[in-house]
Amino acid sequence: MSRSKQKILRALGHLVKQRRTALGISQEELGMRANLDRTYISGVERGVRNPSITAIASLASGLDTTVSNLLENLEIEAENIE
């Protein structure tokens, strides 16, 4: 996987985790809300999963937000990844 793809996936993971912790919910709770497995949530947050657009939509719904809101600062976040 290219370095830029890794940065994007890690940035997405950071945004998901940031939103989840702000809501005060566990990975398991997010999994139930988004109808995704907790281990999948963990993989997304660690940047090792490349979620489909439907999975991103499920995550956004589980995080009580929209896809556009969830991804709003993705490029900025990716620039901050070492």
# chains A, B, ... in the order shown; residues from 1 in each chain; ligands from 1

call {"tool": "select_by_dssp", "arguments": {"residues": "chain A", "states": "alpha helix (DSSP H)", "output": "ChimeraX atom specification"}}
result
/A:3-23,27-34,38-46,53-62,67-70,74-79

call {"tool": "residues_around", "arguments": {"residues": "A:Leu9", "least_positions_apart": "6", "cutoff": "8 Å", "atoms": "only C-alpha atoms", "output": "NGL selection string"}}
result
:A and (44 or 47-50)

call {"tool": "write_last_selection", "arguments": {"atoms": "C-alpha atoms", "output": "mmCIF file, in the first residue's frame"}}
result
data_model
loop_
_atom_site.group_PDB
_atom_site.id
_atom_site.type_symbol
_atom_site.label_atom_id
_atom_site.label_comp_id
_atom_site.auth_asym_id
_atom_site.auth_seq_id
_atom_site.Cartn_x
_atom_site.Cartn_y
_atom_site.Cartn_z
ATOM 1 C CA VAL A 44 -10.562 1.191 11.036
ATOM 2 C CA GLY A 47 -5.777 2.501 9.964
ATOM 3 C CA VAL A 48 -5.381 -1.129 8.900
ATOM 4 C CA ARG A 49 -8.843 -1.462 7.339
ATOM 5 C CA ASN A 50 -9.904 0.252 4.125
#

call {"tool": "residues_around", "arguments": {"residues": "A:Glu79", "least_positions_apart": "5", "cutoff": "9 Å", "atoms": "only C-alpha atoms", "output": "CSV table (one decimal) with all heavy atoms, in the first residue's frame"}}
result
chain,number,residue,atom,x,y,z
A,7,LYS,N,-1.6,7.0,5.0
A,7,LYS,CA,-1.9,8.3,5.7
A,7,LYS,C,-3.4,8.6,5.8
A,7,LYS,O,-3.9,8.9,6.8
A,7,LYS,CB,-1.2,9.5,5.1
A,7,LYS,CG,0.3,9.5,5.4
A,7,LYS,CD,0.9,10.7,4.7
A,7,LYS,CE,1.9,11.4,5.6
A,7,LYS,NZ,2.3,12.7,5.0
A,8,ILE,N,-4.1,8.4,4.7
A,8,ILE,CA,-5.5,8.6,4.6
A,8,ILE,C,-6.2,7.7,5.5
A,8,ILE,O,-7.1,8.1,6.3
A,8,ILE,CB,-6.0,8.5,3.1
A,8,ILE,CG1,-5.5,9.6,2.3
A,8,ILE,CG2,-7.5,8.4,3.1
A,8,ILE,CD1,-6.1,11.0,2.6
A,11,ALA,N,-5.6,8.6,9.1
A,11,ALA,CA,-6.3,9.9,9.4
A,11,ALA,C,-7.8,9.6,9.6
A,11,ALA,O,-8.4,10.1,10.5
A,11,ALA,CB,-6.1,10.9,8.2
A,74,LEU,N,-10.4,15.3,6.7
A,74,LEU,CA,-9.6,14.2,6.4
A,74,LEU,C,-8.2,14.6,5.8
A,74,LEU,O,-7.2,14.1,6.3
A,74,LEU,CB,-10.3,13.2,5.5
A,74,LEU,CG,-9.6,11.9,5.1
A,74,LEU,CD1,-9.5,11.1,6.4
A,74,LEU,CD2,-10.4,11.2,4.1

call {"tool": "residues_around", "arguments": {"residues": "A:Val67", "least_positions_apart": "4", "cutoff": "12 Å", "atoms": "only C-alpha atoms", "output": "VMD selection string"}}
result
chain A and resid 12 15 to 16 53 to 63 71 to 74

call {"tool": "residues_around", "arguments": {"residues": "A:Ile41", "least_positions_apart": "5", "cutoff": "8 Å", "atoms": "only C-alpha atoms", "output": "VMD selection string"}}
result
chain A and resid 27 30 to 31 36

call {"tool": "write_last_selection", "arguments": {"atoms": "N, CA and C atoms", "output": "mmCIF file, in the first residue's frame"}}
result
data_model
loop_
_atom_site.group_PDB
_atom_site.id
_atom_site.type_symbol
_atom_site.label_atom_id
_atom_site.label_comp_id
_atom_site.auth_asym_id
_atom_site.auth_seq_id
_atom_site.Cartn_x
_atom_site.Cartn_y
_atom_site.Cartn_z
ATOM 1 N N GLN A 27 -15.859 0.936 21.401
ATOM 2 C CA GLN A 27 -15.847 0.354 20.060
ATOM 3 C C GLN A 27 -17.010 -0.622 19.898
ATOM 4 N N LEU A 30 -20.176 1.376 19.334
ATOM 5 C CA LEU A 30 -20.191 1.896 17.967
ATOM 6 C C LEU A 30 -20.501 0.772 16.989
ATOM 7 N N GLY A 31 -19.919 -0.390 17.213
ATOM 8 C CA GLY A 31 -20.193 -1.537 16.358
ATOM 9 C C GLY A 31 -21.669 -1.883 16.324
ATOM 10 N N LEU A 36 -21.616 -3.059 12.634
ATOM 11 C CA LEU A 36 -20.293 -3.538 12.229
ATOM 12 C C LEU A 36 -19.646 -4.219 13.429
#

call {"tool": "atom_distance", "arguments": {"atom1": "atom CA of A:Gln6", "atom2": "atom CA of A:Ile25"}}
result
25.6 Å

call {"tool": "atom_distance", "arguments": {"atom1": "atom CA of A:Ser42", "atom2": "atom CA of A:Ser26"}}
result
10.3 Å

call {"tool": "atom_distance", "arguments": {"atom1": "atom CA of A:Met32", "atom2": "atom CA of A:Lys5"}}
result
27.5 Å

call {"tool": "decode", "arguments": {"residues": "stretch 21-36 of chain A", "atoms": "N, CA, C and O atoms", "output": "mmCIF file, in the first residue's frame"}}
result
data_model
loop_
_atom_site.group_PDB
_atom_site.id
_atom_site.type_symbol
_atom_site.label_atom_id
_atom_site.label_comp_id
_atom_site.auth_asym_id
_atom_site.auth_seq_id
_atom_site.Cartn_x
_atom_site.Cartn_y
_atom_site.Cartn_z
ATOM 1 N N THR A 21 -14.834 8.770 20.929
ATOM 2 C CA THR A 21 -14.484 9.096 22.315
ATOM 3 C C THR A 21 -15.200 10.365 22.782
ATOM 4 O O THR A 21 -15.568 10.466 23.948
ATOM 5 N N ALA A 22 -15.425 11.298 21.860
ATOM 6 C CA ALA A 22 -16.178 12.509 22.216
ATOM 7 C C ALA A 22 -17.603 12.152 22.620
ATOM 8 O O ALA A 22 -18.197 12.802 23.490
ATOM 9 N N LEU A 23 -18.151 11.110 21.997
ATOM 10 C CA LEU A 23 -19.496 10.643 22.353
ATOM 11 C C LEU A 23 -19.489 9.785 23.616
ATOM 12 O O LEU A 23 -20.546 9.451 24.143
ATOM 13 N N GLY A 24 -18.299 9.375 24.038
ATOM 14 C CA GLY A 24 -18.185 8.556 25.242
ATOM 15 C C GLY A 24 -18.671 7.133 25.055
ATOM 16 O O GLY A 24 -19.199 6.528 25.994
ATOM 17 N N ILE A 25 -18.496 6.608 23.835
ATOM 18 C CA ILE A 25 -18.949 5.235 23.586
ATOM 19 C C ILE A 25 -17.756 4.331 23.266
ATOM 20 O O ILE A 25 -16.723 4.783 22.782
ATOM 21 N N SER A 26 -17.927 3.052 23.536
ATOM 22 C CA SER A 26 -16.879 2.062 23.274
ATOM 23 C C SER A 26 -16.913 1.636 21.810
ATOM 24 O O SER A 26 -17.876 1.905 21.094
ATOM 25 N N GLN A 27 -15.859 0.936 21.401
ATOM 26 C CA GLN A 27 -15.847 0.354 20.060
ATOM 27 C C GLN A 27 -17.010 -0.622 19.898
ATOM 28 O O GLN A 27 -17.633 -0.676 18.843
ATOM 29 N N GLU A 28 -17.287 -1.358 20.949
ATOM 30 C CA GLU A 28 -18.392 -2.316 20.904
ATOM 31 C C GLU A 28 -19.724 -1.606 20.693
ATOM 32 O O GLU A 28 -20.558 -2.035 19.889
ATOM 33 N N GLU A 29 -19.934 -0.499 21.417
ATOM 34 C CA GLU A 29 -21.167 0.280 21.266
ATOM 35 C C GLU A 29 -21.278 0.842 19.854
ATOM 36 O O GLU A 29 -22.343 0.780 19.237
ATOM 37 N N LEU A 30 -20.176 1.376 19.334
ATOM 38 C CA LEU A 30 -20.191 1.896 17.967
ATOM 39 C C LEU A 30 -20.501 0.772 16.989
ATOM 40 O O LEU A 30 -21.276 0.956 16.047
ATOM 41 N N GLY A 31 -19.919 -0.390 17.213
ATOM 42 C CA GLY A 31 -20.193 -1.537 16.358
ATOM 43 C C GLY A 31 -21.669 -1.883 16.324
ATOM 44 O O GLY A 31 -22.229 -2.146 15.259
ATOM 45 N N MET A 32 -22.304 -1.870 17.488
ATOM 46 C CA MET A 32 -23.738 -2.167 17.547
ATOM 47 C C MET A 32 -24.539 -1.093 16.820
ATOM 48 O O MET A 32 -25.447 -1.404 16.055
ATOM 49 N N ARG A 33 -24.186 0.170 17.045
ATOM 50 C CA ARG A 33 -24.900 1.275 16.394
ATOM 51 C C ARG A 33 -24.735 1.260 14.878
ATOM 52 O O ARG A 33 -25.659 1.616 14.151
ATOM 53 N N ALA A 34 -23.524 0.890 14.429
ATOM 54 C CA ALA A 34 -23.215 0.922 12.993
ATOM 55 C C ALA A 34 -23.440 -0.424 12.311
ATOM 56 O O ALA A 34 -23.252 -0.539 11.103
ATOM 57 N N ASN A 35 -23.825 -1.421 13.088
ATOM 58 C CA ASN A 35 -24.014 -2.780 12.572
ATOM 59 C C ASN A 35 -22.717 -3.320 11.948
ATOM 60 O O ASN A 35 -22.725 -3.908 10.868
ATOM 61 N N LEU A 36 -21.616 -3.059 12.634
ATOM 62 C CA LEU A 36 -20.293 -3.538 12.229
ATOM 63 C C LEU A 36 -19.646 -4.219 13.429
ATOM 64 O O LEU A 36 -19.935 -3.872 14.571
#
